[in-house]
>>> print(open('upload-v8.tsv').read())   # TSV, C-alpha atoms
chain	number	residue	atom	x	y	z
F	1	MET	CA	52.96	144.72	137.19
F	2	ILE	CA	49.37	143.99	138.24
F	3	TYR	CA	48.50	140.78	136.40
F	4	LEU	CA	44.85	140.48	135.33
F	5	ASP	CA	45.08	138.04	132.41
F	6	ASN	CA	44.43	134.77	134.23
F	7	ALA	CA	41.83	133.63	131.70
F	8	ALA	CA	44.75	133.19	129.29
F	9	THR	CA	47.29	131.78	131.75
F	10	SER	CA	47.36	131.95	135.53
F	11	PHE	CA	50.26	133.90	137.01
F	12	PRO	CA	52.12	133.82	139.29
F	13	LYS	CA	52.27	130.08	139.80
F	14	PRO	CA	52.35	128.66	143.33
F	15	ARG	CA	55.82	127.91	144.65
F	16	GLU	CA	54.68	124.28	144.94
F	17	THR	CA	54.27	124.13	141.15
F	18	VAL	CA	57.77	125.45	140.50
F	19	ARG	CA	59.38	123.23	143.13
F	20	ALA	CA	57.65	120.09	141.80
F	21	MET	CA	58.88	120.78	138.28
F	22	ALA	CA	62.44	121.33	139.44
F	23	ALA	CA	62.37	118.20	141.60
F	24	ALA	CA	61.15	116.07	138.69
F	25	LEU	CA	64.02	117.24	136.51
F	26	GLU	CA	66.64	116.99	139.23
F	27	ASN	CA	65.65	113.72	140.87
F	28	CYS	CA	63.89	111.51	138.31
F	29	GLY	CA	64.16	113.08	134.88
F	30	ALA	CA	64.08	109.78	133.00
F	31	ASN	CA	61.48	108.71	130.43
F	32	PRO	CA	58.33	107.74	132.38
F	33	GLY	CA	57.00	104.25	131.73
F	34	ARG	CA	59.64	103.29	129.17
F	35	ALA	CA	62.10	101.24	131.25
F	36	GLY	CA	62.41	99.14	134.36
F	37	HIS	CA	65.17	101.09	136.05
F	38	ALA	CA	64.58	103.13	139.20
F	39	LEU	CA	64.57	106.57	137.58
F	40	SER	CA	62.04	105.60	134.90
F	41	LEU	CA	59.81	103.96	137.50
F	42	ALA	CA	59.99	107.07	139.72
F	43	ALA	CA	59.05	109.25	136.74
F	44	GLY	CA	56.15	106.92	135.96
F	45	ARG	CA	54.87	107.24	139.51
F	46	ILE	CA	54.77	111.04	139.16
F	47	VAL	CA	52.65	110.69	136.03
F	48	GLU	CA	50.28	108.15	137.54
F	49	ARG	CA	49.80	110.13	140.75
F	50	CYS	CA	48.77	113.14	138.70
F	51	ARG	CA	46.49	110.98	136.58
F	52	GLU	CA	44.81	109.61	139.71
F	53	SER	CA	44.39	113.09	141.21
F	54	THR	CA	42.88	114.38	137.98
F	55	ALA	CA	40.47	111.45	137.81
F	56	GLN	CA	39.45	112.03	141.41
F	57	MET	CA	38.78	115.71	140.67
F	58	LEU	CA	36.46	114.62	137.83
F	59	GLY	CA	34.65	112.00	139.90
F	60	GLU	CA	36.18	109.22	137.81
F	61	THR	CA	37.11	105.94	139.51
F	62	ASP	CA	39.12	104.63	136.54
F	63	ALA	CA	42.22	106.81	136.16
F	64	SER	CA	43.00	105.27	132.76
F	65	ARG	CA	40.18	107.41	131.30
F	66	VAL	CA	42.44	110.46	131.76
F	67	ALA	CA	44.93	111.22	128.97
F	68	PHE	CA	47.57	113.95	129.16
F	69	CYS	CA	47.77	116.39	126.25
F	70	LEU	CA	49.73	119.47	125.21
F	71	ASN	CA	46.94	121.87	126.25
F	72	ALA	CA	43.17	122.18	125.97
F	73	THR	CA	43.42	122.93	122.23
F	74	ASP	CA	45.24	119.65	121.72
F	75	ALA	CA	42.68	117.81	123.85
F	76	LEU	CA	39.76	119.29	121.90
F	77	ASN	CA	41.35	118.40	118.57
F	78	MET	CA	42.01	114.87	119.76
F	79	ALA	CA	38.39	114.49	120.84
F	80	ILE	CA	36.81	116.06	117.74
F	81	HIS	CA	38.95	114.27	115.17
F	82	GLY	CA	38.82	111.09	117.21
F	83	VAL	CA	35.04	110.64	117.31
F	84	VAL	CA	33.56	112.20	114.15
F	85	ARG	CA	33.07	110.18	110.98
F	86	THR	CA	32.38	111.12	107.39
F	87	GLY	CA	28.76	112.16	107.00
F	88	ASP	CA	28.24	113.12	110.65
F	89	HIS	CA	26.39	116.23	111.74
F	90	VAL	CA	27.97	118.21	114.60
F	91	ILE	CA	26.41	120.96	116.73
F	92	SER	CA	28.38	123.67	118.48
F	93	THR	CA	27.73	127.27	119.55
F	94	LEU	CA	28.71	130.83	118.74
F	95	LEU	CA	30.30	131.12	122.19
F	96	GLU	CA	33.16	128.77	121.32
F	97	HIS	CA	36.88	129.39	121.24
F	98	ASN	CA	38.70	128.82	117.95
F	99	SER	CA	40.06	125.61	119.49
F	100	VAL	CA	36.58	124.27	118.74
F	101	LEU	CA	35.45	126.44	115.82
F	102	ARG	CA	38.51	125.93	113.64
F	103	PRO	CA	38.73	122.12	113.65
F	104	LEU	CA	34.96	121.88	113.16
F	105	SER	CA	34.98	124.49	110.38
F	106	GLU	CA	37.83	122.74	108.58
F	107	LEU	CA	35.98	119.42	108.77
F	108	SER	CA	32.86	121.13	107.45
F	109	ARG	CA	34.68	122.89	104.61
F	110	SER	CA	36.32	119.63	103.53
F	111	GLY	CA	32.93	117.90	103.45
F	112	VAL	CA	33.62	115.44	106.25
F	113	ILE	CA	30.82	116.79	108.46
F	114	THR	CA	27.97	119.25	108.37
F	115	LEU	CA	27.98	121.85	111.14
F	116	THR	CA	25.33	123.87	112.97
F	117	LEU	CA	26.30	126.74	115.31
F	118	VAL	CA	23.64	127.61	117.88
F	119	PRO	CA	23.53	131.25	119.04
F	120	PRO	CA	23.12	132.25	122.70
F	121	ASP	CA	20.03	134.01	124.00
F	122	ALA	CA	20.05	137.68	125.01
F	123	GLN	CA	21.65	136.79	128.37
F	124	GLY	CA	24.50	134.91	126.69
F	125	GLN	CA	23.13	131.48	127.61
F	126	ILE	CA	22.88	128.44	125.35
F	127	CYS	CA	19.43	126.87	125.68
F	128	ALA	CA	19.25	123.08	125.71
F	129	GLU	CA	16.00	123.33	123.73
F	130	GLU	CA	17.86	125.11	120.90
F	131	ILE	CA	20.51	122.39	120.89
F	132	GLU	CA	17.79	119.76	120.59
F	133	ARG	CA	16.01	121.70	117.83
F	134	ALA	CA	19.25	121.68	115.84
F	135	MET	CA	19.63	117.89	116.05
F	136	LEU	CA	19.28	115.73	112.96
F	137	PRO	CA	19.10	111.94	112.60
F	138	ARG	CA	22.84	111.93	111.74
F	139	THR	CA	23.93	114.22	114.61
F	140	ARG	CA	26.83	112.53	116.36
F	141	LEU	CA	28.45	115.19	118.54
F	142	VAL	CA	27.67	118.37	120.47
F	143	VAL	CA	30.67	120.51	121.45
F	144	MET	CA	30.24	123.43	123.82
F	145	THR	CA	32.05	125.56	126.34
F	146	HIS	CA	31.33	125.32	130.04
F	147	MET	CA	32.03	129.05	130.30
F	148	SER	CA	32.70	131.62	127.60
F	149	ASN	CA	36.15	133.20	127.77
F	150	VAL	CA	34.57	136.57	126.87
F	151	LEU	CA	31.26	136.59	128.77
F	152	GLY	CA	32.43	134.66	131.83
F	153	THR	CA	29.08	133.08	132.68
F	154	LEU	CA	28.49	129.37	133.33
F	155	GLN	CA	26.38	127.40	130.89
F	156	ASP	CA	23.77	124.83	131.91
F	157	VAL	CA	25.72	121.89	130.56
F	158	GLN	CA	23.68	119.41	132.59
F	159	ALA	CA	20.53	120.37	130.69
F	160	VAL	CA	22.38	119.90	127.40
F	161	GLY	CA	23.73	116.59	128.70
F	162	ARG	CA	20.21	115.33	129.36
F	163	VAL	CA	19.21	116.17	125.78
F	164	CYS	CA	22.29	114.47	124.34
F	165	LYS	CA	21.77	111.33	126.41
F	166	ARG	CA	18.12	111.11	125.40
F	167	ARG	CA	19.00	111.51	121.72
F	168	GLY	CA	22.09	109.25	121.76
F	169	VAL	CA	24.49	112.08	120.88
F	170	LEU	CA	27.99	112.50	122.30
F	171	LEU	CA	28.74	115.63	124.36
F	172	LEU	CA	32.22	117.17	124.48
F	173	LEU	CA	32.79	119.98	126.98
F	174	ASP	CA	35.48	122.65	126.83
F	175	CYS	CA	36.28	123.41	130.46
F	176	ALA	CA	39.22	125.73	129.78
F	177	GLN	CA	37.74	128.52	131.89
F	178	THR	CA	36.24	126.47	134.71
F	179	ALA	CA	38.78	123.78	135.63
F	180	GLY	CA	40.15	124.71	139.03
F	181	HIS	CA	37.46	127.34	139.62
F	182	VAL	CA	34.25	125.34	139.90
F	183	PRO	CA	33.59	121.63	140.55
F	184	LEU	CA	33.57	119.48	137.42
F	185	ALA	CA	31.18	116.52	137.35
F	186	PRO	CA	31.16	115.14	133.79
F	187	LYS	CA	29.37	111.90	134.64
F	188	ALA	CA	26.59	113.70	136.52
F	189	TRP	CA	26.25	116.14	133.62
F	190	GLY	CA	25.86	113.39	131.03
F	191	CYS	CA	29.14	114.39	129.41
F	192	ASP	CA	31.14	111.93	127.27
F	193	LEU	CA	34.39	113.83	126.76
F	194	LEU	CA	35.92	116.75	128.66
F	195	ALA	CA	38.94	118.87	127.73
F	196	MET	CA	40.83	121.20	130.05
F	197	PRO	CA	44.19	122.97	130.25
F	198	GLY	CA	46.64	122.73	133.11
F	199	HIS	CA	47.99	126.27	132.84
F	200	LYS	CA	44.90	128.27	133.81
F	201	GLY	CA	42.75	127.65	136.89
F	202	LEU	CA	44.61	124.47	137.81
F	203	LEU	CA	47.74	126.59	138.40
F	204	GLY	CA	49.98	124.23	136.42
F	205	PRO	CA	52.64	125.14	133.86
F	206	HIS	CA	52.29	125.90	130.17
F	207	GLY	CA	52.11	122.92	127.82
F	208	THR	CA	49.85	120.75	129.96
F	209	GLY	CA	46.30	119.60	129.34
F	210	VAL	CA	43.87	116.74	129.89
F	211	LEU	CA	41.28	114.85	127.91
F	212	TRP	CA	38.82	112.74	129.91
F	213	VAL	CA	36.93	110.06	127.97
F	214	ARG	CA	33.92	108.28	129.43
F	215	ALA	CA	34.14	104.50	129.61
F	216	GLY	CA	32.50	103.02	126.53
F	217	VAL	CA	33.50	105.92	124.26
F	218	SER	CA	36.21	105.17	121.73
F	219	VAL	CA	38.53	107.93	120.45
F	220	ALA	CA	40.63	107.22	117.37
F	221	PRO	CA	44.19	108.47	118.03
F	222	LEU	CA	45.21	111.71	116.34
F	223	ARG	CA	48.89	110.74	116.71
F	224	GLN	CA	50.54	107.34	116.61
F	225	GLY	CA	53.90	106.24	118.00
F	226	GLY	CA	55.68	104.73	120.94
F	227	THR	CA	53.62	104.12	124.06
F	228	GLY	CA	55.76	101.63	125.98
F	229	SER	CA	52.94	99.09	125.59
F	230	ALA	CA	52.24	96.43	122.94
F	231	SER	CA	55.59	97.31	121.39
F	232	GLU	CA	55.61	94.10	119.34
F	233	SER	CA	52.78	95.54	117.21
F	234	MET	CA	53.20	98.12	114.46
F	235	PHE	CA	49.68	99.37	115.18
F	236	GLN	CA	48.59	101.84	117.83
F	237	PRO	CA	47.18	100.25	121.02
F	238	ARG	CA	43.48	100.87	121.55
F	239	MET	CA	43.34	100.92	125.34
F	240	MET	CA	43.22	104.16	127.31
F	241	PRO	CA	45.29	106.16	127.97
F	242	ASP	CA	48.03	104.62	125.79
F	243	CYS	CA	46.11	105.15	122.55
F	244	LEU	CA	46.21	108.93	123.09
F	245	GLU	CA	49.65	109.32	124.70
F	246	SER	CA	52.26	108.60	122.04
F	247	GLY	CA	55.83	109.72	122.69
F	248	THR	CA	57.55	111.07	125.75
F	249	LEU	CA	55.23	112.80	128.19
F	250	ASN	CA	55.95	116.22	129.65
F	251	LEU	CA	57.23	114.93	133.00
F	252	PRO	CA	58.15	118.27	134.63
F	253	GLY	CA	54.89	119.77	133.36
F	254	ILE	CA	52.81	116.92	134.75
F	255	ALA	CA	54.67	117.13	138.07
F	256	GLY	CA	53.92	120.86	138.19
F	257	LEU	CA	50.31	120.24	137.21
F	258	ALA	CA	49.85	117.81	140.08
F	259	ALA	CA	51.21	120.33	142.57
F	260	GLY	CA	49.28	123.28	141.13
F	261	MET	CA	46.05	121.30	140.94
F	262	ASN	CA	46.35	120.33	144.58
F	263	GLU	CA	46.80	123.99	145.55
F	264	ALA	CA	43.89	125.09	143.35
F	265	LEU	CA	41.44	122.46	144.60
F	266	VAL	CA	42.18	123.10	148.28
F	267	HIS	CA	41.11	126.73	147.83
F	268	MET	CA	38.64	126.35	144.94
F	269	ASP	CA	35.41	127.50	146.59
F	270	GLU	CA	36.92	130.53	148.28
F	271	THR	CA	38.93	131.40	145.16
F	272	HIS	CA	35.86	131.38	142.93
F	273	ALA	CA	33.88	133.54	145.38
F	274	HIS	CA	36.85	135.91	145.68
F	275	ILE	CA	37.23	136.27	141.90
F	276	VAL	CA	33.51	136.84	141.36
F	277	HIS	CA	33.54	139.48	144.12
F	278	LEU	CA	36.45	141.30	142.48
F	279	CYS	CA	34.73	141.20	139.10
F	280	ASP	CA	31.42	142.48	140.47
F	281	MET	CA	33.31	145.26	142.21
F	282	LEU	CA	35.08	146.31	139.01
F	283	ARG	CA	31.92	145.96	136.94
F	284	ALA	CA	30.06	148.35	139.25
F	285	GLU	CA	32.90	150.90	138.96
F	286	LEU	CA	32.99	150.69	135.16
F	287	LEU	CA	29.21	151.02	134.81
F	288	ASN	CA	29.43	154.35	136.61
F	289	MET	CA	31.88	155.73	134.04
F	290	ARG	CA	30.69	157.71	131.05
F	291	GLY	CA	31.73	156.19	127.73
F	292	VAL	CA	32.41	152.68	129.06
F	293	ARG	CA	30.40	149.71	127.86
F	294	VAL	CA	30.46	146.51	129.94
F	295	TYR	CA	29.52	143.21	128.28
F	296	THR	CA	29.60	140.80	131.22
F	297	ARG	CA	26.80	140.23	133.69
F	298	PRO	CA	26.90	140.14	137.52
F	299	GLY	CA	28.33	136.93	138.94
F	300	ALA	CA	30.82	136.40	136.10
F	301	SER	CA	34.41	135.50	136.86
F	302	LEU	CA	35.85	137.99	134.37
F	303	VAL	CA	34.93	141.42	133.05
F	304	SER	CA	34.86	142.43	129.38
F	305	PHE	CA	34.44	146.08	128.41
F	306	ASN	CA	35.32	148.79	125.91
F	307	VAL	CA	35.98	152.50	126.15
F	308	GLU	CA	33.96	154.40	123.56
F	309	GLY	CA	36.04	155.47	120.60
F	310	VAL	CA	39.10	153.48	121.66
F	311	GLY	CA	40.06	150.08	120.25
F	312	SER	CA	40.34	147.30	122.80
F	313	GLN	CA	43.99	146.64	122.01
F	314	GLU	CA	44.78	150.34	122.37
F	315	THR	CA	43.08	150.34	125.77
F	316	ALA	CA	45.05	147.25	126.77
F	317	ALA	CA	48.27	148.98	125.66
F	318	MET	CA	47.42	152.00	127.79
F	319	MET	CA	46.78	149.72	130.77
F	320	ASN	CA	50.16	148.10	130.16
F	321	ARG	CA	51.84	151.50	130.31
F	322	ALA	CA	50.08	151.98	133.64
F	323	GLY	CA	51.58	148.70	134.89
F	324	ILE	CA	48.43	146.59	134.48
F	325	ALA	CA	48.27	143.45	132.34
F	326	VAL	CA	44.90	142.88	130.66
F	327	ARG	CA	44.04	141.50	127.23
F	328	GLY	CA	42.45	143.28	124.30
F	329	GLY	CA	41.23	141.81	121.01
F	330	LEU	CA	38.91	138.99	119.97
F	331	HIS	CA	40.23	136.39	122.45
F	332	CYS	CA	40.11	133.73	119.70
F	333	ALA	CA	36.30	133.76	119.98
F	334	PRO	CA	34.89	135.50	116.88
F	335	GLY	CA	31.37	134.13	117.33
F	336	VAL	CA	30.96	135.87	120.68
F	337	HIS	CA	32.02	139.16	119.16
F	338	ARG	CA	29.56	138.76	116.30
F	339	PHE	CA	26.91	138.24	118.99
F	340	LEU	CA	28.09	141.35	120.89
F	341	GLY	CA	28.60	143.46	117.75
F	342	THR	CA	32.28	143.96	118.60
F	343	LEU	CA	33.94	141.98	115.81
F	344	ASP	CA	35.66	145.13	114.54
F	345	VAL	CA	37.03	146.32	117.91
F	346	GLY	CA	37.12	143.27	120.17
F	347	ALA	CA	36.92	143.82	123.92
F	348	VAL	CA	39.19	144.42	126.88
F	349	ARG	CA	39.14	141.38	129.15
F	350	VAL	CA	40.01	141.58	132.85
F	351	SER	CA	40.45	138.20	134.53
F	352	PRO	CA	41.66	138.23	138.14
F	353	GLY	CA	43.08	135.16	139.81
F	354	ILE	CA	43.72	133.65	143.19
F	355	TYR	CA	46.40	136.20	144.13
F	356	ASN	CA	44.65	139.42	143.08
F	357	MET	CA	43.21	141.84	145.62
F	358	ARG	CA	40.66	144.66	145.76
F	359	GLU	CA	43.47	147.16	145.33
F	360	ASP	CA	44.27	145.71	141.90
F	361	MET	CA	40.74	146.33	140.67
F	362	THR	CA	40.76	149.83	142.13
F	363	ALA	CA	44.00	150.59	140.28
F	364	LEU	CA	42.49	149.39	137.00
F	365	ALA	CA	39.31	151.39	137.53
F	366	ARG	CA	41.38	154.52	138.17
F	367	ALA	CA	43.40	153.93	135.00
F	368	VAL	CA	40.22	153.57	132.93
F	369	ALA	CA	38.72	156.65	134.59
F	370	LYS	CA	41.74	158.67	133.46
F	371	MET	CA	41.03	157.61	129.87
F	372	THR	CA	37.39	158.65	130.06
F	373	GLY	CA	37.86	161.80	132.12
>>> encode(input="upload-v8.tsv", output="structure tokens")
Amino acid sequence: MIYLDNAATSFPKPRETVRAMAAALENCGANPGRAGHALSLAAGRIVERCRESTAQMLGETDASRVAFCLNATDALNMAIHGVVRTGDHVISTLLEHNSVLRPLSELSRSGVITLTLVPPDAQGQICAEEIERAMLPRTRLVVMTHMSNVLGTLQDVQAVGRVCKRRGVLLLLDCAQTAGHVPLAPKAWGCDLLAMPGHKGLLGPHGTGVLWVRAGVSVAPLRQGGTGSASESMFQPRMMPDCLESGTLNLPGIAGLAAGMNEALVHMDETHAHIVHLCDMLRAELLNMRGVRVYTRPGASLVSFNVEGVGSQETAAMMNRAGIAVRGGLHCAPGVHRFLGTLDVGAVRVSPGIYNMREDMTALARAVAKMTG
């Protein structure tokens, strides 16, 4: 099987990821940070090493600002529910994943917040000026993606960060599609909170994610419970990361994340250039085919397209029969498809990863050509 669905989950994982997970279970599978015995302390060191590596990747000197989550969806929910208050106005965009749109829409429907969704321009870019135009005196939070999971182009989050800082508004970034592929610099961007998964570009396992919170920003915990700290109190601790990390952490997942992240970051620049090259190559092939519409622009790190008269999921099923794994449908991003006019059919998304080669893209192009020929 040629795997081209890395925007959903990277596969295969590096051997280092798998070995680190197995070693954590075999050698120190105790509860991290909950006891003073050797196995618990060894488990705690695995967690803290990963926390420190993640902080370093983000340019953060205080590793306690990094909290481990179930995934990016969990991190986004923690951030959104943890900072908004009744009566707040929140701004987001039509490019967002449902991990952002659904919690915000539910808060809006229940009357907790009011919500404005800013559309992209014709090139699929969110303009900082449009974000600022949407701001109200009670605007508390802007939530936006660093890169759309359908269009695959980077957003100018630094420009949005400057606007938010000037207006005293918090900025939460969804870096699900960029973590491990491009450098992340939340402090330089003027970002206050950043969510990312471990199972995509960071080459970690499923069920891992991170929420970074800038010093000075307080996030009310979405979950409460045991943290191994301040256990004499029946109230949740307020210090990071304990306030956001109730219950037993995913030790093997965090161990695998640390190993995968190290592998991803060592090769990040060359990997990103390689993926963009593969996508540009495929895009050029598809544009030469009659009856194929391509939605992504040059320089994107994924390719979205449709074959005229064929539903995206049907095309994806045909690719599967040809031994190629791609994804069809709406990709949990209905606003993008409203923008593209594809809400009824979705799009076929091709997302190569670190281990894909030119031959994989050629095989896909040939399979699509058979459909259109």
>>> closest_residue(input="upload-v8.tsv", among="F:Leu107, F:Val219, F:Leu282, F:Val163", to="F:Arg297", atoms="all atoms listed in the file")
F:Leu282
>>> closest_residue(input="upload-v8.tsv", among="F:Asn288, F:Ser229, F:Asn149, F:Gln236", to="F:Ala176", atoms="all atoms listed in the file")
F:Asn149
>>> atom_distance(input="upload-v8.tsv", atom1="atom CA of F:Pro183", atom2="atom CA of F:His146")
11.4 Å
>>> atom_distance(input="upload-v8.tsv", atom1="atom CA of F:Phe305", atom2="atom CA of F:Arg293")
5.5 Å
>>> residues_around(input="upload-v8.tsv", residues="F:Thr271", least_positions_apart="2", cutoff="8 Å", atoms="all atoms listed in the file", output="list in words")
His181, His267, Met268, Asp269, Ala273, His274, Ile275, Gly353 and Ile354 of chain F
>>> write_last_selection(input="upload-v8.tsv", atoms="C-alpha atoms", output="compact mmCIF listing (two decimals), in the coordinates of the input")
# COMPACT_ATOMS: atom_id res chain seq x y z
CA HIS F 181 37.46 127.34 139.62
CA HIS F 267 41.11 126.73 147.83
CA MET F 268 38.64 126.35 144.94
CA ASP F 269 35.41 127.50 146.59
CA ALA F 273 33.88 133.54 145.38
CA HIS F 274 36.85 135.91 145.68
CA ILE F 275 37.23 136.27 141.90
CA GLY F 353 43.08 135.16 139.81
CA ILE F 354 43.72 133.65 143.19
>>> closest_residue(input="upload-v8.tsv", among="F:Ser40, F:Thr208, F:Gln125, F:Ser231", to="F:Thr296", atoms="all atoms listed in the file")
F:Gln125
>>> residues_around(input="upload-v8.tsv", residues="F:Ala23", least_positions_apart="3", cutoff="12 Å", atoms="all atoms listed in the file", output="list of chain:residue names")
F:Glu16, F:Thr17, F:Val18, F:Arg19, F:Ala20, F:Glu26, F:Asn27, F:Cys28, F:Gly29, F:Ala42, F:Ala43, F:Ile46, F:Leu251, F:Pro252, F:Gly253, F:Ile254, F:Ala255, F:Gly256, F:Ala259
>>> residues_around(input="upload-v8.tsv", residues="F:Val276", least_positions_apart="2", cutoff="7 Å", atoms="only C-alpha atoms", output="mmCIF file with C-alpha atoms, in the frame of the given file")
data_model
loop_
_atom_site.group_PDB
_atom_site.id
_atom_site.type_symbol
_atom_site.label_atom_id
_atom_site.label_comp_id
_atom_site.auth_asym_id
_atom_site.auth_seq_id
_atom_site.Cartn_x
_atom_site.Cartn_y
_atom_site.Cartn_z
ATOM 1 C CA HIS F 272 35.860 131.380 142.930
ATOM 2 C CA ALA F 273 33.880 133.540 145.380
ATOM 3 C CA HIS F 274 36.850 135.910 145.680
ATOM 4 C CA LEU F 278 36.450 141.300 142.480
ATOM 5 C CA CYS F 279 34.730 141.200 139.100
ATOM 6 C CA ASP F 280 31.420 142.480 140.470
ATOM 7 C CA GLY F 299 28.330 136.930 138.940
ATOM 8 C CA ALA F 300 30.820 136.400 136.100
ATOM 9 C CA SER F 301 34.410 135.500 136.860
#
>>> residues_near_point(input="upload-v8.tsv", point="(33.8, 129.5, 125.8)", cutoff="6 Å", atoms="all atoms listed in the file", output="MDAnalysis selection string")
chainID F and resid 95:97 145 147:149
>>> atom_distance(input="upload-v8.tsv", atom1="atom CA of F:Val310", atom2="atom CA of F:Leu364")
16.2 Å
>>> closest_residue(input="upload-v8.tsv", among="F:Ala79, F:Leu249, F:Val169, F:Val213", to="F:Ile131", atoms="all atoms listed in the file")
F:Val169
>>> closest_residue(input="upload-v8.tsv", among="F:Pro197, F:Gly228, F:Gly207, F:Gly124", to="F:Val150", atoms="all atoms listed in the file")
F:Gly124
>>> residues_around(input="upload-v8.tsv", residues="F:Ser351", least_positions_apart="2", cutoff="8 Å", atoms="only C-alpha atoms", output="mmCIF file with C-alpha atoms, keeping the file's coordinate frame")
data_model
loop_
_atom_site.group_PDB
_atom_site.id
_atom_site.type_symbol
_atom_site.label_atom_id
_atom_site.label_comp_id
_atom_site.auth_asym_id
_atom_site.auth_seq_id
_atom_site.Cartn_x
_atom_site.Cartn_y
_atom_site.Cartn_z
ATOM 1 C CA LEU F 4 44.850 140.480 135.330
ATOM 2 C CA ASP F 5 45.080 138.040 132.410
ATOM 3 C CA ASN F 6 44.430 134.770 134.230
ATOM 4 C CA ALA F 7 41.830 133.630 131.700
ATOM 5 C CA CYS F 279 34.730 141.200 139.100
ATOM 6 C CA SER F 301 34.410 135.500 136.860
ATOM 7 C CA LEU F 302 35.850 137.990 134.370
ATOM 8 C CA VAL F 303 34.930 141.420 133.050
ATOM 9 C CA VAL F 326 44.900 142.880 130.660
ATOM 10 C CA ARG F 349 39.140 141.380 129.150
ATOM 11 C CA GLY F 353 43.080 135.160 139.810
#
>>> closest_residue(input="upload-v8.tsv", among="F:Arg34, F:Arg214, F:Gly291, F:Asn98", to="F:Ala230", atoms="all atoms listed in the file")
F:Arg34
>>> build_atoms(input="upload-v8.tsv", residues="stretch 208-219 of chain F", atoms="N, CA and C atoms", output="short mmCIF file (atom, residue, chain, number, x, y, z; two decimals), in the coordinates of the input")
data_model
loop_
_atom_site.label_atom_id
_atom_site.label_comp_id
_atom_site.auth_asym_id
_atom_site.auth_seq_id
_atom_site.Cartn_x
_atom_site.Cartn_y
_atom_site.Cartn_z
N THR F 208 50.51 121.88 129.30
CA THR F 208 49.85 120.75 129.96
C THR F 208 48.35 120.82 129.73
N GLY F 209 47.74 119.67 129.55
CA GLY F 209 46.30 119.60 129.34
C GLY F 209 45.81 118.19 129.55
N VAL F 210 44.50 118.03 129.56
CA VAL F 210 43.87 116.74 129.89
C VAL F 210 42.67 116.52 128.98
N LEU F 211 42.52 115.28 128.54
CA LEU F 211 41.28 114.85 127.91
C LEU F 211 40.74 113.67 128.71
N TRP F 212 39.52 113.83 129.23
CA TRP F 212 38.82 112.74 129.91
C TRP F 212 37.84 112.13 128.92
N VAL F 213 37.81 110.79 128.88
CA VAL F 213 36.93 110.06 127.97
C VAL F 213 36.11 109.08 128.78
N ARG F 214 34.81 109.18 128.68
CA ARG F 214 33.92 108.28 129.43
C ARG F 214 34.13 106.84 128.99
N ALA F 215 34.05 105.93 129.93
CA ALA F 215 34.14 104.50 129.61
C ALA F 215 33.06 104.14 128.59
N GLY F 216 33.44 103.39 127.58
CA GLY F 216 32.50 103.02 126.53
C GLY F 216 32.59 103.89 125.31
N VAL F 217 33.29 105.02 125.41
CA VAL F 217 33.50 105.92 124.26
C VAL F 217 34.89 105.65 123.69
N SER F 218 34.95 105.45 122.40
CA SER F 218 36.21 105.17 121.73
C SER F 218 36.67 106.41 120.96
N VAL F 219 37.94 106.78 121.14
CA VAL F 219 38.53 107.93 120.45
C VAL F 219 39.67 107.43 119.57
#
